[in-house]
>>> print(open('entry18.pdb').read())   # PDB, C-alpha atoms
ATOM      1  CA  MET A1344     -22.532 -23.973  -3.151  1.00  0.00           C
ATOM      2  CA  ALA A1345     -22.471 -26.036   0.053  1.00  0.00           C
ATOM      3  CA  GLY A1346     -20.095 -25.019   2.845  1.00  0.00           C
ATOM      4  CA  GLU A1347     -17.975 -28.164   2.655  1.00  0.00           C
ATOM      5  CA  GLU A1348     -17.682 -27.933  -1.119  1.00  0.00           C
ATOM      6  CA  ALA A1349     -16.707 -24.261  -0.856  1.00  0.00           C
ATOM      7  CA  ALA A1350     -14.086 -25.051   1.791  1.00  0.00           C
ATOM      8  CA  GLU A1351     -12.547 -27.759  -0.399  1.00  0.00           C
ATOM      9  CA  LEU A1352     -12.503 -25.522  -3.454  1.00  0.00           C
ATOM     10  CA  LEU A1353     -10.957 -22.691  -1.430  1.00  0.00           C
ATOM     11  CA  ALA A1354      -8.249 -24.991  -0.056  1.00  0.00           C
ATOM     12  CA  ALA A1355      -7.404 -26.232  -3.558  1.00  0.00           C
ATOM     13  CA  ALA A1356      -7.239 -22.672  -4.900  1.00  0.00           C
ATOM     14  CA  GLN A1357      -5.015 -21.583  -2.006  1.00  0.00           C
ATOM     15  CA  ALA A1358      -2.652 -24.498  -2.675  1.00  0.00           C
ATOM     16  CA  HIS A1359      -2.332 -23.358  -6.291  1.00  0.00           C
ATOM     17  CA  LEU A1360      -1.719 -19.777  -5.170  1.00  0.00           C
ATOM     18  CA  ALA A1361       0.947 -20.865  -2.690  1.00  0.00           C
ATOM     19  CA  ALA A1362       2.698 -22.791  -5.493  1.00  0.00           C
ATOM     20  CA  ARG A1363       2.359 -19.716  -7.771  1.00  0.00           C
ATOM     21  CA  ARG A1364       0.151 -21.611 -10.228  1.00  0.00           C
ATOM     22  CA  LEU A1365      -1.759 -18.404 -10.800  1.00  0.00           C
ATOM     23  CA  SER A1366      -3.985 -19.460 -13.700  1.00  0.00           C
ATOM     24  CA  ALA A1367      -5.181 -22.573 -11.877  1.00  0.00           C
ATOM     25  CA  ALA A1368      -5.742 -20.587  -8.669  1.00  0.00           C
ATOM     26  CA  GLU A1369      -7.653 -17.861 -10.487  1.00  0.00           C
ATOM     27  CA  GLU A1370      -9.902 -20.395 -12.209  1.00  0.00           C
ATOM     28  CA  LEU A1371     -10.822 -22.049  -8.896  1.00  0.00           C
ATOM     29  CA  TYR A1372     -11.345 -18.709  -7.154  1.00  0.00           C
ATOM     30  CA  GLY A1373     -13.583 -17.665 -10.045  1.00  0.00           C
ATOM     31  CA  ARG A1374     -15.713 -20.787  -9.621  1.00  0.00           C
ATOM     32  CA  LEU A1375     -15.965 -20.229  -5.883  1.00  0.00           C
ATOM     33  CA  ILE A1376     -16.866 -16.552  -6.350  1.00  0.00           C
ATOM     34  CA  ALA A1377     -19.498 -17.373  -8.970  1.00  0.00           C
ATOM     35  CA  GLY A1378     -20.991 -20.028  -6.691  1.00  0.00           C
ATOM     36  CA  GLY A1379     -20.935 -17.692  -3.702  1.00  0.00           C
ATOM     37  CA  ALA A1380     -22.532 -14.866  -5.633  1.00  0.00           C
ATOM     38  CA  ALA A1381     -25.268 -17.191  -6.877  1.00  0.00           C
ATOM     39  CA  ALA A1382     -25.896 -18.321  -3.302  1.00  0.00           C
ATOM     40  CA  GLY A1383     -26.463 -14.818  -2.019  1.00  0.00           C
ATOM     41  CA  GLY A1384     -22.938 -13.479  -1.783  1.00  0.00           C
ATOM     42  CA  ALA A1385     -22.223 -13.616   1.936  1.00  0.00           C
ATOM     43  CA  GLY A1386     -19.691 -15.503   3.942  1.00  0.00           C
ATOM     44  CA  ARG A1387     -16.073 -15.787   4.861  1.00  0.00           C
ATOM     45  CA  HIS A1388     -15.276 -18.250   2.032  1.00  0.00           C
ATOM     46  CA  LEU A1389     -16.472 -15.746  -0.555  1.00  0.00           C
ATOM     47  CA  ALA A1390     -14.565 -12.867   1.046  1.00  0.00           C
ATOM     48  CA  THR A1391     -11.413 -14.988   1.256  1.00  0.00           C
ATOM     49  CA  ALA A1392     -11.769 -16.077  -2.373  1.00  0.00           C
ATOM     50  CA  LEU A1393     -12.161 -12.461  -3.486  1.00  0.00           C
ATOM     51  CA  ASN A1394      -9.169 -11.385  -1.412  1.00  0.00           C
ATOM     52  CA  ASP A1395      -7.028 -14.236  -2.700  1.00  0.00           C
ATOM     53  CA  ARG A1396      -8.015 -13.658  -6.312  1.00  0.00           C
ATOM     54  CA  GLY A1397      -6.941 -10.069  -5.675  1.00  0.00           C
ATOM     55  CA  GLN A1398      -3.546 -11.468  -4.706  1.00  0.00           C
ATOM     56  CA  VAL A1399      -3.340 -13.366  -7.993  1.00  0.00           C
ATOM     57  CA  ARG A1400      -4.081 -10.152  -9.837  1.00  0.00           C
ATOM     58  CA  TYR A1401      -1.592  -8.209  -7.719  1.00  0.00           C
ATOM     59  CA  PHE A1402       1.142 -10.717  -8.587  1.00  0.00           C
ATOM     60  CA  ARG A1403       0.295 -10.154 -12.255  1.00  0.00           C
ATOM     61  CA  VAL A1404       0.554  -6.367 -11.727  1.00  0.00           C
ATOM     62  CA  GLU A1405      -3.159  -5.997 -12.532  1.00  0.00           C
ATOM     63  CA  PHE A1406      -3.622  -3.397  -9.833  1.00  0.00           C
ATOM     64  CA  ALA A1407      -7.062  -2.078 -10.800  1.00  0.00           C
ATOM     65  CA  ALA A1408      -8.499  -5.609 -10.883  1.00  0.00           C
ATOM     66  CA  ALA A1409      -6.807  -6.432  -7.570  1.00  0.00           C
ATOM     67  CA  VAL A1410      -8.319  -3.336  -5.932  1.00  0.00           C
ATOM     68  CA  GLU A1411     -11.752  -4.332  -7.266  1.00  0.00           C
ATOM     69  CA  ASP A1412     -11.433  -7.782  -5.703  1.00  0.00           C
ATOM     70  CA  TYR A1413     -10.186  -6.417  -2.376  1.00  0.00           C
ATOM     71  CA  THR A1414     -13.056  -3.922  -2.317  1.00  0.00           C
ATOM     72  CA  ALA A1415     -15.582  -6.668  -3.070  1.00  0.00           C
ATOM     73  CA  ALA A1416     -14.097  -8.768  -0.244  1.00  0.00           C
ATOM     74  CA  ILE A1417     -14.486  -5.802   2.120  1.00  0.00           C
ATOM     75  CA  GLU A1418     -18.093  -5.305   1.040  1.00  0.00           C
ATOM     76  CA  CYS A1419     -18.753  -8.995   1.648  1.00  0.00           C
ATOM     77  CA  GLN A1420     -17.094  -9.100   5.092  1.00  0.00           C
ATOM     78  CA  PRO A1421     -16.432  -5.570   6.452  1.00  0.00           C
ATOM     79  CA  ALA A1422     -14.714  -6.921   9.590  1.00  0.00           C
ATOM     80  CA  PHE A1423     -12.141  -8.931   7.565  1.00  0.00           C
ATOM     81  CA  GLU A1424      -8.957  -6.879   7.939  1.00  0.00           C
ATOM     82  CA  VAL A1425      -6.753  -8.603   5.353  1.00  0.00           C
ATOM     83  CA  PRO A1426      -8.366  -7.125   2.210  1.00  0.00           C
ATOM     84  CA  TYR A1427      -8.078  -3.625   3.712  1.00  0.00           C
ATOM     85  CA  TYR A1428      -4.365  -4.272   4.200  1.00  0.00           C
ATOM     86  CA  ASN A1429      -3.913  -5.671   0.703  1.00  0.00           C
ATOM     87  CA  ARG A1430      -5.832  -2.820  -0.894  1.00  0.00           C
ATOM     88  CA  GLY A1431      -3.758  -0.393   1.144  1.00  0.00           C
ATOM     89  CA  LEU A1432      -0.562  -1.936  -0.206  1.00  0.00           C
ATOM     90  CA  VAL A1433      -1.722  -1.494  -3.799  1.00  0.00           C
ATOM     91  CA  LEU A1434      -2.814   2.080  -3.154  1.00  0.00           C
ATOM     92  CA  TYR A1435       0.519   2.791  -1.473  1.00  0.00           C
ATOM     93  CA  ARG A1436       2.400   1.340  -4.416  1.00  0.00           C
ATOM     94  CA  LEU A1437       0.372   3.593  -6.730  1.00  0.00           C
ATOM     95  CA  GLY A1438       1.314   6.634  -4.623  1.00  0.00           C
ATOM     96  CA  CYS A1439      -2.208   7.137  -3.244  1.00  0.00           C
ATOM     97  CA  PHE A1440      -0.905   7.670   0.258  1.00  0.00           C
ATOM     98  CA  ASP A1441      -4.043   9.147   1.851  1.00  0.00           C
ATOM     99  CA  GLU A1442      -6.215   6.259   0.662  1.00  0.00           C
ATOM    100  CA  ALA A1443      -3.577   3.723   1.692  1.00  0.00           C
ATOM    101  CA  MET A1444      -3.289   5.251   5.160  1.00  0.00           C
ATOM    102  CA  LYS A1445      -7.072   5.110   5.541  1.00  0.00           C
ATOM    103  CA  ASP A1446      -6.998   1.368   4.798  1.00  0.00           C
ATOM    104  CA  PHE A1447      -4.047   0.731   7.132  1.00  0.00           C
ATOM    105  CA  ARG A1448      -5.841   2.620   9.917  1.00  0.00           C
ATOM    106  CA  LYS A1449      -8.947   0.500   9.356  1.00  0.00           C
ATOM    107  CA  VAL A1450      -6.845  -2.655   9.649  1.00  0.00           C
ATOM    108  CA  LEU A1451      -5.472  -1.440  12.975  1.00  0.00           C
ATOM    109  CA  GLU A1452      -8.981  -0.536  14.164  1.00  0.00           C
ATOM    110  CA  LEU A1453     -10.088  -4.103  13.404  1.00  0.00           C
ATOM    111  CA  ASN A1454      -6.878  -5.763  14.605  1.00  0.00           C
ATOM    112  CA  PRO A1455      -4.522  -3.585  16.677  1.00  0.00           C
ATOM    113  CA  GLN A1456      -1.923  -6.403  16.683  1.00  0.00           C
ATOM    114  CA  PHE A1457      -1.497  -6.380  12.866  1.00  0.00           C
ATOM    115  CA  GLU A1458       2.174  -5.309  12.895  1.00  0.00           C
ATOM    116  CA  ASP A1459       2.630  -5.118   9.123  1.00  0.00           C
ATOM    117  CA  ALA A1460      -0.247  -2.656   8.918  1.00  0.00           C
ATOM    118  CA  ALA A1461       1.332  -0.472  11.590  1.00  0.00           C
ATOM    119  CA  LEU A1462       4.655  -0.508   9.734  1.00  0.00           C
ATOM    120  CA  SER A1463       2.961   0.203   6.413  1.00  0.00           C
ATOM    121  CA  LEU A1464       1.034   3.113   7.917  1.00  0.00           C
ATOM    122  CA  LYS A1465       4.252   4.645   9.264  1.00  0.00           C
ATOM    123  CA  GLN A1466       5.993   4.227   5.919  1.00  0.00           C
ATOM    124  CA  ALA A1467       3.062   5.734   4.013  1.00  0.00           C
ATOM    125  CA  MET A1468       3.099   8.726   6.331  1.00  0.00           C
ATOM    126  CA  LEU A1469       6.835   9.218   5.803  1.00  0.00           C
ATOM    127  CA  ASP A1470       6.562   8.837   2.043  1.00  0.00           C
ATOM    128  CA  LYS A1471       3.637  11.258   1.850  1.00  0.00           C
ATOM    129  CA  GLU A1472       5.663  13.809   3.795  1.00  0.00           C
ATOM    130  CA  GLU A1473       8.671  13.285   1.525  1.00  0.00           C
ATOM    131  CA  LYS A1474       6.471  13.669  -1.563  1.00  0.00           C
ATOM    132  CA  GLN A1475       5.102  16.949  -0.197  1.00  0.00           C
ATOM    133  CA  LYS A1476       8.621  18.249   0.560  1.00  0.00           C
ATOM    134  CA  ARG A1477       9.617  17.570  -3.036  1.00  0.00           C
ATOM    135  CA  GLY A1478       6.536  19.351  -4.301  1.00  0.00           C
ATOM    136  CA  TYR A1479       4.859  16.573  -6.250  1.00  0.00           C
TER     137      TYR A1479
END
>>> encode(input="entry18.pdb", output="structure tokens")
Amino acid sequence: MAGEEAAELLAAAQAHLAARRLSAAEELYGRLIAGGAAAGGAGRHLATALNDRGQVRYFRVEFAAAVEDYTAAIECQPAFEVPYYNRGLVLYRLGCFDEAMKDFRKVLELNPQFEDAALSLKQAMLDKEEKQKRGY
């Protein structure tokens, strides 16, 4: 898939996501991901599409599928901090505090100014401590 075509498809998918037209967004992200994978699987458009499709799946409470997409985005672009943050949020929500904190720390390593990651890391640390105090 050519760069311009991929950019247009990504923009259209993001517009659907922003309007919460999840099925339409997921279909376009799927096309972009399939085209990116066929073209060798590298690039920011592919990583963004994987991350954003993860968001669609997160909104649908399909956490395992969302984590898979975030992980694939990370594998595609390891310096892209957003999928680490998003995966960390899912892991936090599932009570996997250690794994979530690892992702939030990675975000801050890549982008020390990512304030939401810093706040999420602090909250995960507090919640882990509270969980340990309660003995579960």
>>> closest_residue(input="entry18.pdb", among="A:Tyr1401, A:Asp1441, A:Gln1357, A:Ala1349", to="Ala1377 of chain A", atoms="all atoms listed in the file")
A:Ala1349
>>> resolve_selection(input="entry18.pdb", expression="the PyMOL selection byres ((chain A and resi 1445) around 12)", output="PyMOL selection string")
chain A and resi 1427-1428+1430-1432+1434-1435+1439-1444+1446-1452+1460-1461+1463-1465+1467-1468
>>> closest_residue(input="entry18.pdb", among="A:Gly1438, A:Asp1470, A:Glu1418, A:Val1425", to="Leu1453 of chain A", atoms="all atoms listed in the file")
A:Val1425
>>> closest_residue(input="entry18.pdb", among="A:Ala1422, A:Arg1364, A:Glu1370, A:Phe1406", to="Ala1390 of chain A", atoms="only C-alpha atoms")
A:Ala1422
>>> resolve_selection(input="entry18.pdb", expression="the PyMOL selection byres ((chain A and resi 1417) around 10)", output="JSON, numbers by chain")
{"A": [1390, 1391, 1393, 1394, 1411, 1412, 1413, 1414, 1415, 1416, 1418, 1419, 1420, 1421, 1422, 1423, 1424, 1425, 1426, 1427, 1430]}
>>> resolve_selection(input="entry18.pdb", expression="the PyMOL selection byres ((chain A and resi 1359) around 12)", output="PyMOL selection string")
chain A and resi 1352-1358+1360-1372+1395-1396+1399
>>> atom_distance(input="entry18.pdb", atom1="atom CA of Ala1350 of chain A", atom2="atom CA of Glu1405 of chain A")
26.2 Å
>>> atom_distance(input="entry18.pdb", atom1="atom CA of Gln1456 of chain A", atom2="atom CA of Ala1407 of chain A")
28.3 Å
>>> atom_distance(input="entry18.pdb", atom1="atom CA of Gly1397 of chain A", atom2="atom CA of Lys1474 of chain A")
27.6 Å
